[in-house]
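Coordinates from structure-v1.pdb are shown below (PDB, C-alpha atoms).
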```pdb
MODEL        1
ATOM      1  CA  MET A 154      -4.181 -22.082 -22.250
ATOM      2  CA  GLU A 155      -1.188 -21.956 -24.570
ATOM      3  CA  ILE A 156       1.976 -20.568 -22.994
ATOM      4  CA  ARG A 157       3.649 -18.029 -25.263
ATOM      5  CA  TYR A 158       7.308 -17.428 -24.531
ATOM      6  CA  ARG A 159       9.140 -14.381 -25.819
ATOM      7  CA  HIS A 160      12.818 -13.974 -26.574
ATOM      8  CA  GLU A 161      14.681 -11.603 -24.275
ATOM      9  CA  TRP A 162      18.055  -9.877 -24.513
ATOM     10  CA  LYS A 163      19.589  -7.653 -21.857
ATOM     11  CA  HIS A 164      22.696  -5.520 -22.274
ATOM     12  CA  GLU A 165      24.428  -3.247 -19.783
ATOM     13  CA  ILE A 166      25.292  -0.126 -21.763
ATOM     14  CA  ARG A 167      26.965   3.236 -21.286
ATOM     15  CA  TYR A 168      25.262   6.623 -21.497
ATOM     16  CA  ALA A 169      26.862   7.222 -24.903
ATOM     17  CA  ASP A 170      25.298   3.955 -26.118
ATOM     18  CA  LEU A 171      21.885   5.094 -24.875
ATOM     19  CA  LEU A 172      22.128   8.349 -26.814
ATOM     20  CA  ALA A 173      23.108   6.583 -30.037
ATOM     21  CA  ILE A 174      20.568   3.747 -29.805
ATOM     22  CA  ARG A 175      17.757   6.087 -28.770
ATOM     23  CA  GLN A 176      18.432   8.228 -31.846
ATOM     24  CA  ARG A 177      18.345   5.183 -34.146
ATOM     25  CA  LEU A 178      15.180   3.822 -32.548
ATOM     26  CA  ARG A 179      13.363   7.122 -32.974
ATOM     27  CA  ALA A 180      13.831   6.737 -36.724
ATOM     28  CA  VAL A 181      12.265   3.255 -36.959
ATOM     29  CA  ALA A 182      10.160   2.560 -33.842
ATOM     30  CA  VAL A 183       7.604   4.521 -31.822
ATOM     31  CA  PRO A 184       7.494   5.383 -28.118
ATOM     32  CA  ASP A 185       5.110   3.348 -26.009
ATOM     33  CA  PRO A 186       1.838   5.363 -25.990
ATOM     34  CA  HIS A 187       1.555   4.871 -22.226
ATOM     35  CA  ALA A 188       4.808   6.759 -21.625
ATOM     36  CA  GLN A 189       4.788  10.383 -20.501
ATOM     37  CA  ASP A 190       7.390  12.476 -22.326
ATOM     38  CA  GLY A 191       8.875   9.203 -23.557
ATOM     39  CA  LYS A 192       9.345   7.571 -20.173
ATOM     40  CA  TYR A 193       7.606   6.412 -17.034
ATOM     41  CA  LEU A 194       8.468   5.545 -13.472
ATOM     42  CA  ILE A 195       8.030   1.987 -12.203
ATOM     43  CA  ARG A 196       7.732   0.880  -8.594
ATOM     44  CA  SER A 197       7.836  -2.882  -8.002
ATOM     45  CA  LEU A 198       7.682  -4.977  -4.856
ATOM     46  CA  TYR A 199       9.402  -8.333  -5.331
ATOM     47  CA  PHE A 200       8.626 -11.530  -3.430
ATOM     48  CA  ASP A 201      10.977 -14.226  -2.195
ATOM     49  CA  ASN A 202      11.000 -16.914   0.485
ATOM     50  CA  LEU A 203      13.074 -17.097   3.660
ATOM     51  CA  ASN A 204      15.808 -18.956   1.783
ATOM     52  CA  ASP A 205      15.947 -16.321  -0.975
ATOM     53  CA  LYS A 206      15.014 -18.923  -3.573
ATOM     54  CA  ALA A 207      14.307 -16.416  -6.388
ATOM     55  CA  LEU A 208      17.536 -14.530  -5.705
ATOM     56  CA  ARG A 209      19.694 -17.646  -5.498
ATOM     57  CA  GLU A 210      18.230 -19.168  -8.664
ATOM     58  CA  LYS A 211      18.960 -15.947 -10.537
ATOM     59  CA  VAL A 212      22.524 -15.675  -9.248
ATOM     60  CA  ASP A 213      23.176 -19.382  -9.900
ATOM     61  CA  GLY A 214      21.766 -19.197 -13.431
ATOM     62  CA  VAL A 215      19.058 -21.817 -12.893
ATOM     63  CA  ASN A 216      17.509 -22.508 -16.290
ATOM     64  CA  LEU A 217      13.864 -22.757 -15.183
ATOM     65  CA  ARG A 218      12.770 -20.157 -12.640
ATOM     66  CA  GLU A 219       9.960 -17.792 -11.683
ATOM     67  CA  LYS A 220       9.420 -14.659  -9.631
ATOM     68  CA  PHE A 221       6.419 -12.707  -8.355
ATOM     69  CA  ARG A 222       6.074  -8.948  -8.056
ATOM     70  CA  ILE A 223       3.426  -6.250  -7.740
ATOM     71  CA  ARG A 224       3.911  -2.915  -9.464
ATOM     72  CA  TYR A 225       2.397   0.391 -10.444
ATOM     73  CA  TYR A 226       3.446   3.268 -12.677
ATOM     74  CA  ASN A 227       4.152   6.981 -12.325
ATOM     75  CA  GLY A 228       3.270   7.014  -8.642
ATOM     76  CA  ASP A 229      -0.372   6.128  -9.386
ATOM     77  CA  PRO A 230      -1.616   3.176  -7.274
ATOM     78  CA  SER A 231      -5.098   3.241  -8.836
ATOM     79  CA  LEU A 232      -3.891   0.496 -11.214
ATOM     80  CA  ILE A 233      -1.675  -2.176  -9.667
ATOM     81  CA  HIS A 234      -0.478  -5.314 -11.444
ATOM     82  CA  LEU A 235       0.384  -8.620  -9.832
ATOM     83  CA  GLU A 236       2.840 -10.364 -12.155
ATOM     84  CA  LYS A 237       4.582 -13.703 -12.351
ATOM     85  CA  LYS A 238       7.557 -13.917 -14.694
ATOM     86  CA  SER A 239       8.747 -17.348 -15.783
ATOM     87  CA  LYS A 240      12.065 -17.917 -17.559
ATOM     88  CA  VAL A 241      13.347 -20.903 -19.521
ATOM     89  CA  GLY A 242      16.837 -20.124 -20.739
ATOM     90  CA  GLY A 243      16.633 -17.015 -22.916
ATOM     91  CA  LEU A 244      12.837 -17.200 -23.217
ATOM     92  CA  GLY A 245      10.351 -15.567 -20.874
ATOM     93  CA  THR A 246       6.637 -15.280 -20.318
ATOM     94  CA  LYS A 247       4.539 -13.139 -17.986
ATOM     95  CA  TYR A 248       1.181 -13.666 -16.298
ATOM     96  CA  SER A 249      -0.693 -10.697 -14.868
ATOM     97  CA  ALA A 250      -3.715  -9.855 -12.708
ATOM     98  CA  ILE A 251      -5.129  -6.540 -11.496
ATOM     99  CA  LEU A 252      -5.099  -5.642  -7.800
ATOM    100  CA  THR A 253      -6.772  -2.772  -5.966
ATOM    101  CA  ALA A 254      -4.648  -0.673  -3.632
ATOM    102  CA  GLY A 255      -6.487  -2.262  -0.702
ATOM    103  CA  GLU A 256      -5.721  -5.769  -1.959
ATOM    104  CA  ALA A 257      -2.051  -4.919  -2.516
ATOM    105  CA  GLN A 258      -1.802  -3.520   1.011
ATOM    106  CA  ALA A 259      -3.492  -6.625   2.423
ATOM    107  CA  ILE A 260      -0.875  -8.813   0.732
ATOM    108  CA  VAL A 261       1.928  -6.654   2.136
ATOM    109  CA  ASP A 262       0.363  -6.881   5.613
ATOM    110  CA  GLY A 263      -0.017 -10.663   5.397
ATOM    111  CA  ARG A 264      -3.832 -10.597   5.377
ATOM    112  CA  LEU A 265      -4.303 -13.362   2.815
ATOM    113  CA  ASP A 266      -7.578 -15.229   3.353
ATOM    114  CA  TRP A 267      -9.497 -13.211   0.745
ATOM    115  CA  MET A 268      -7.071 -14.307  -1.990
ATOM    116  CA  LEU A 269      -8.308 -17.881  -2.168
ATOM    117  CA  ASN A 270     -11.796 -16.734  -3.250
ATOM    118  CA  SER A 271     -10.646 -13.830  -5.408
ATOM    119  CA  GLY A 272     -11.650 -15.501  -8.691
ATOM    120  CA  ARG A 273      -8.218 -14.700 -10.180
ATOM    121  CA  ASP A 274      -5.937 -17.646 -10.875
ATOM    122  CA  LEU A 275      -2.712 -15.729 -10.327
ATOM    123  CA  VAL A 276      -3.902 -14.266  -7.013
ATOM    124  CA  GLN A 277      -4.853 -17.771  -5.886
ATOM    125  CA  GLU A 278      -1.448 -19.115  -6.940
ATOM    126  CA  LEU A 279       0.327 -16.396  -4.981
ATOM    127  CA  TYR A 280      -1.847 -17.233  -1.967
ATOM    128  CA  CYS A 281      -0.793 -20.892  -2.097
ATOM    129  CA  LYS A 282       2.881 -20.004  -2.427
ATOM    130  CA  MET A 283       2.712 -17.497   0.426
ATOM    131  CA  ARG A 284       0.885 -20.010   2.630
ATOM    132  CA  TYR A 285       2.835 -23.145   1.816
ATOM    133  CA  GLN A 286       6.204 -22.037   0.402
ATOM    134  CA  GLY A 287       6.889 -19.048   2.635
ATOM    135  CA  LEU A 288       6.834 -16.462  -0.171
ATOM    136  CA  ARG A 289       6.851 -12.930   1.261
ATOM    137  CA  PRO A 290       7.298  -9.336   0.044
ATOM    138  CA  ARG A 291      11.057  -8.749   0.024
ATOM    139  CA  THR A 292      12.131  -5.370  -1.352
ATOM    140  CA  ILE A 293      11.010  -2.350  -3.347
ATOM    141  CA  VAL A 294      12.669  -1.632  -6.691
ATOM    142  CA  ASP A 295      12.194   1.779  -8.344
ATOM    143  CA  TYR A 296      13.473   2.803 -11.767
ATOM    144  CA  THR A 297      12.872   4.931 -14.845
ATOM    145  CA  ARG A 298      11.992   3.246 -18.147
ATOM    146  CA  GLU A 299      12.101   4.546 -21.725
ATOM    147  CA  PRO A 300      10.070   2.169 -23.946
ATOM    148  CA  PHE A 301       9.901   1.790 -27.734
ATOM    149  CA  ILE A 302       7.683  -0.569 -29.726
ATOM    150  CA  TYR A 303       7.897  -1.967 -33.252
ATOM    151  CA  GLY A 304       4.956  -3.873 -34.752
ATOM    152  CA  PRO A 305       6.569  -6.646 -36.839
ATOM    153  CA  GLY A 306       7.789  -9.314 -34.440
ATOM    154  CA  ASN A 307       5.921  -7.599 -31.581
ATOM    155  CA  VAL A 308       9.191  -6.001 -30.519
ATOM    156  CA  ARG A 309       9.631  -3.985 -27.344
ATOM    157  CA  VAL A 310      12.892  -2.156 -26.595
ATOM    158  CA  THR A 311      13.421  -0.467 -23.233
ATOM    159  CA  PHE A 312      16.092   1.519 -21.432
ATOM    160  CA  ASP A 313      16.004   1.157 -17.634
ATOM    161  CA  TYR A 314      18.057   3.416 -15.378
ATOM    162  CA  ASN A 315      18.028   5.321 -12.069
ATOM    163  CA  ILE A 316      17.524   1.965 -10.344
ATOM    164  CA  ARG A 317      16.857   2.411  -6.632
ATOM    165  CA  THR A 318      16.313  -0.023  -3.785
ATOM    166  CA  GLY A 319      14.050   0.183  -0.769
ATOM    167  CA  LEU A 320      16.440  -2.186   1.011
ATOM    168  CA  ASN A 321      14.220  -4.247   3.328
ATOM    169  CA  SER A 322      11.264  -1.883   3.127
ATOM    170  CA  THR A 323       7.956  -3.237   1.820
ATOM    171  CA  ASP A 324       6.051   0.053   2.280
ATOM    172  CA  PHE A 325       5.042  -0.247  -1.351
ATOM    173  CA  LEU A 326       2.163   2.255  -1.442
ATOM    174  CA  ASN A 327       3.898   4.993   0.529
ATOM    175  CA  PRO A 328       5.086   7.652  -1.965
ATOM    176  CA  ASP A 329       7.516   8.943   0.657
ATOM    177  CA  CYS A 330       9.172   5.568   1.186
ATOM    178  CA  ILE A 331      12.932   6.146   1.184
ATOM    179  CA  THR A 332      14.914   4.444  -1.566
ATOM    180  CA  ILE A 333      18.616   4.703  -2.372
ATOM    181  CA  PRO A 334      20.599   4.057  -5.577
ATOM    182  CA  ALA A 335      21.243   0.354  -6.125
ATOM    183  CA  PRO A 336      24.980  -0.461  -6.206
ATOM    184  CA  ASP A 337      26.682  -0.861  -9.575
ATOM    185  CA  SER A 338      23.455  -0.202 -11.464
ATOM    186  CA  GLY A 339      23.925   1.525 -14.784
ATOM    187  CA  ILE A 340      21.704   1.533 -17.852
ATOM    188  CA  ILE A 341      20.008  -1.661 -18.989
ATOM    189  CA  LEU A 342      18.955  -2.108 -22.613
ATOM    190  CA  GLU A 343      16.317  -4.822 -22.923
ATOM    191  CA  VAL A 344      14.934  -6.226 -26.186
ATOM    192  CA  LYS A 345      11.925  -8.572 -26.307
ATOM    193  CA  TRP A 346      10.312 -10.151 -29.350
ATOM    194  CA  ASP A 347       8.135 -13.065 -30.427
ATOM    195  CA  ALA A 348       9.157 -15.389 -33.274
ATOM    196  CA  PHE A 349      11.679 -13.132 -35.017
ATOM    197  CA  LEU A 350      13.684  -9.976 -34.426
ATOM    198  CA  PRO A 351      13.530  -7.732 -37.521
ATOM    199  CA  ALA A 352      16.918  -6.790 -38.928
ATOM    200  CA  ILE A 353      16.082  -3.084 -38.724
ATOM    201  CA  ILE A 354      15.723  -3.364 -34.933
ATOM    202  CA  ARG A 355      18.714  -5.692 -34.596
ATOM    203  CA  ASP A 356      20.814  -3.038 -36.362
ATOM    204  CA  ALA A 357      19.345  -0.201 -34.303
ATOM    205  CA  VAL A 358      20.251  -1.779 -30.972
ATOM    206  CA  GLN A 359      23.764  -2.872 -31.917
ATOM    207  CA  THR A 360      26.227  -2.260 -29.097
ATOM    208  CA  PRO A 361      29.724  -3.259 -30.257
ATOM    209  CA  GLY A 362      31.702  -4.896 -27.495
ATOM    210  CA  ARG A 363      28.652  -5.381 -25.265
ATOM    211  CA  ARG A 364      27.617  -8.906 -24.375
ATOM    212  CA  VAL A 365      24.181 -10.203 -23.502
ATOM    213  CA  THR A 366      23.919 -10.168 -19.705
ATOM    214  CA  ALA A 367      21.699 -11.775 -17.094
ATOM    215  CA  PHE A 368      21.295  -8.495 -15.166
ATOM    216  CA  SER A 369      18.496  -8.566 -12.596
ATOM    217  CA  LYS A 370      17.192  -5.376 -11.018
ATOM    218  CA  TYR A 371      15.899  -7.411  -8.092
ATOM    219  CA  ALA A 372      19.273  -9.082  -7.509
ATOM    220  CA  GLN A 373      21.060  -5.733  -7.822
ATOM    221  CA  CYS A 374      18.745  -4.193  -5.231
ATOM    222  CA  ARG A 375      19.497  -7.020  -2.791
ATOM    223  CA  MET A 376      23.250  -6.427  -2.799
ATOM    224  CA  LEU A 377      23.102  -4.190   0.289
ATOM    225  CA  ASP A 378      21.210  -6.718   2.435
TER
ENDMDL
END
```

Can you present the structure in this file as structure tokens?
Amino acid sequence: MEIRYRHEWKHEIRYADLLAIRQRLRAVAVPDPHAQDGKYLIRSLYFDNLNDKALREKVDGVNLREKFRIRYYNGDPSLIHLEKKSKVGGLGTKYSAILTAGEAQAIVDGRLDWMLNSGRDLVQELYCKMRYQGLRPRTIVDYTREPFIYGPGNVRVTFDYNIRTGLNSTDFLNPDCITIPAPDSGIILEVKWDAFLPAIIRDAVQTPGRRVTAFSKYAQCRMLD
């Protein structure tokens, strides 16, 4: 299977930037059809090992790295995604598999034997890494996302904000799980595209004085550990 990497930019922006860029995007791009009133809520549960390998590689800027997470949207656990994100420099790719709520809870509880015969490559890979590399659910990350899409270049532009951490909680499927605002988390503008970024989108997302950043919601939500 051919691995397709996408370009990724992240910028930390101010609220005034969000208002201006959102207005420009509305003129040239379209909201993601899966969004409700232009946005949706994301709950993710990130994995790491006892040595915090994923966290340390992110903080240290390791060029080749990966991380696992499970997530669902708008408080609806009827559709849960297991995802592995791999990064090589400024390029990223994502692998995904569907989990039932029961399967997700089994993973959280450490009941893993079923995974090896699940028939899903990514589930089997996670099983091996939980068994032999000590990967475990680490923390919940909640946030709000506003997504826009633009066909040429397969462009996706998102605003992420209201980032909250479950600290050490892994009670992923509990809607009443307590989360608190992550420290120093503002608004993250993220731009992803395939081979080229159309000039009309490049102009729309211009943020004078803002530099591309390596912001990680997972790392930010681990700051209170």

Expected selection from the PyMOL selection byres ((chain A and resi 230) around 10), given as a PDB file with C-alpha atoms, keeping the file's coordinate frame:
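expr-v8.pdb, written as the output of this step:
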```
ATOM      1  CA  ARG A 196       7.732   0.880  -8.594  1.00  0.00           C
ATOM      2  CA  ARG A 224       3.911  -2.915  -9.464  1.00  0.00           C
ATOM      3  CA  TYR A 225       2.397   0.391 -10.444  1.00  0.00           C
ATOM      4  CA  TYR A 226       3.446   3.268 -12.677  1.00  0.00           C
ATOM      5  CA  ASN A 227       4.152   6.981 -12.325  1.00  0.00           C
ATOM      6  CA  GLY A 228       3.270   7.014  -8.642  1.00  0.00           C
ATOM      7  CA  ASP A 229      -0.372   6.128  -9.386  1.00  0.00           C
ATOM      8  CA  SER A 231      -5.098   3.241  -8.836  1.00  0.00           C
ATOM      9  CA  LEU A 232      -3.891   0.496 -11.214  1.00  0.00           C
ATOM     10  CA  ILE A 233      -1.675  -2.176  -9.667  1.00  0.00           C
ATOM     11  CA  HIS A 234      -0.478  -5.314 -11.444  1.00  0.00           C
ATOM     12  CA  LEU A 252      -5.099  -5.642  -7.800  1.00  0.00           C
ATOM     13  CA  THR A 253      -6.772  -2.772  -5.966  1.00  0.00           C
ATOM     14  CA  ALA A 254      -4.648  -0.673  -3.632  1.00  0.00           C
ATOM     15  CA  GLY A 255      -6.487  -2.262  -0.702  1.00  0.00           C
ATOM     16  CA  ALA A 257      -2.051  -4.919  -2.516  1.00  0.00           C
ATOM     17  CA  PHE A 325       5.042  -0.247  -1.351  1.00  0.00           C
ATOM     18  CA  LEU A 326       2.163   2.255  -1.442  1.00  0.00           C
ATOM     19  CA  ASN A 327       3.898   4.993   0.529  1.00  0.00           C
ATOM     20  CA  PRO A 328       5.086   7.652  -1.965  1.00  0.00           C
TER      21      PRO A 328
END
```

Practice prompt. Go through the shown structure with the PyMOL selection byres ((chain A and resi 289-299) around 9) and write out the matching residues as a VMD selection string.
Written response: chain A and resid 184 to 185 188 191 to 203 222 260 to 261 263 282 to 283 287 to 288 300 to 301 310 to 325 332 335 370 to 371 374 to 375

Fill in: Counting all atoms listed in the file, the residue of A:Ile353, A:Val241, A:Ala348, A:Leu342 that sits nearest A:Asp170
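The closest residue to A:Asp170 is A:Leu342.
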
Box centre and edge lengths (Å, one decimal), axis-aligned, stretch 231-243 of chain A plus 6 Å each side, as lines of an AutoDock Vina configuration file:
```
center_x = 5.9
center_y = -8.8
center_z = -15.9
size_x = 33.9
size_y = 36.1
size_z = 26.1
```

Worksheet entry | Close residues, stretch 248-250 of chain A itself excluded, 6 Å, all atoms listed in the file, min 2 positions apart in chain, as a PyMOL selection string | chain A and resi 234-237

Could you please take those selected residues and save C-alpha atoms as a PDB file, keeping the file's coordinate frame?
```pdb
ATOM      1  CA  HIS A 234      -0.478  -5.314 -11.444  1.00  0.00           C
ATOM      2  CA  LEU A 235       0.384  -8.620  -9.832  1.00  0.00           C
ATOM      3  CA  GLU A 236       2.840 -10.364 -12.155  1.00  0.00           C
ATOM      4  CA  LYS A 237       4.582 -13.703 -12.351  1.00  0.00           C
TER       5      LYS A 237
END
```

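Put simply, the PyMOL selection byres ((chain A and resi 349) around 9) in this file takes in A:His160, A:Pro305, A:Gly306, A:Asn307, A:Val308, A:Trp346, A:Asp347, A:Ala348, A:Leu350, A:Pro351.
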
Discussion item. Within 9 Å of (21.0, -13.4, -6.5) in the file's own coordinates, which protein, DNA or RNA residues have an atom, counting only C-alpha atoms? List them as a list in words.
Written reply: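 With a cut-off of 9 Å, the residues come to Asp205, Lys206, Ala207, Leu208, Arg209, Glu210, Lys211, Val212, Asp213, Ser369, Tyr371, Ala372, Gln373, Arg375 and Met376 of chain A.
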
Create the file for the chosen residues now, containing C-alpha atoms and written as a PDB file, keeping the file's coordinate frame.
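What landed in result_6.pdb:
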```pdb
ATOM      1  CA  ASP A 205      15.947 -16.321  -0.975  1.00  0.00           C
ATOM      2  CA  LYS A 206      15.014 -18.923  -3.573  1.00  0.00           C
ATOM      3  CA  ALA A 207      14.307 -16.416  -6.388  1.00  0.00           C
ATOM      4  CA  LEU A 208      17.536 -14.530  -5.705  1.00  0.00           C
ATOM      5  CA  ARG A 209      19.694 -17.646  -5.498  1.00  0.00           C
ATOM      6  CA  GLU A 210      18.230 -19.168  -8.664  1.00  0.00           C
ATOM      7  CA  LYS A 211      18.960 -15.947 -10.537  1.00  0.00           C
ATOM      8  CA  VAL A 212      22.524 -15.675  -9.248  1.00  0.00           C
ATOM      9  CA  ASP A 213      23.176 -19.382  -9.900  1.00  0.00           C
ATOM     10  CA  SER A 369      18.496  -8.566 -12.596  1.00  0.00           C
ATOM     11  CA  TYR A 371      15.899  -7.411  -8.092  1.00  0.00           C
ATOM     12  CA  ALA A 372      19.273  -9.082  -7.509  1.00  0.00           C
ATOM     13  CA  GLN A 373      21.060  -5.733  -7.822  1.00  0.00           C
ATOM     14  CA  ARG A 375      19.497  -7.020  -2.791  1.00  0.00           C
ATOM     15  CA  MET A 376      23.250  -6.427  -2.799  1.00  0.00           C
TER      16      MET A 376
END
```

Discussion item. For a quick check of understanding, using only C-alpha atoms, which of A:Asp329, A:Glu343, A:Asp262, A:Glu256 has the smallest distance to A:Glu165?
Written reply: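 Closest to A:Glu165, using only C-alpha atoms: A:Glu343.
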
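With distances restricted to all atoms listed in the file, A:Gly243 is the closest residue to A:Tyr158 from A:Gly243, A:Gly214, A:Gly339, A:Pro361.
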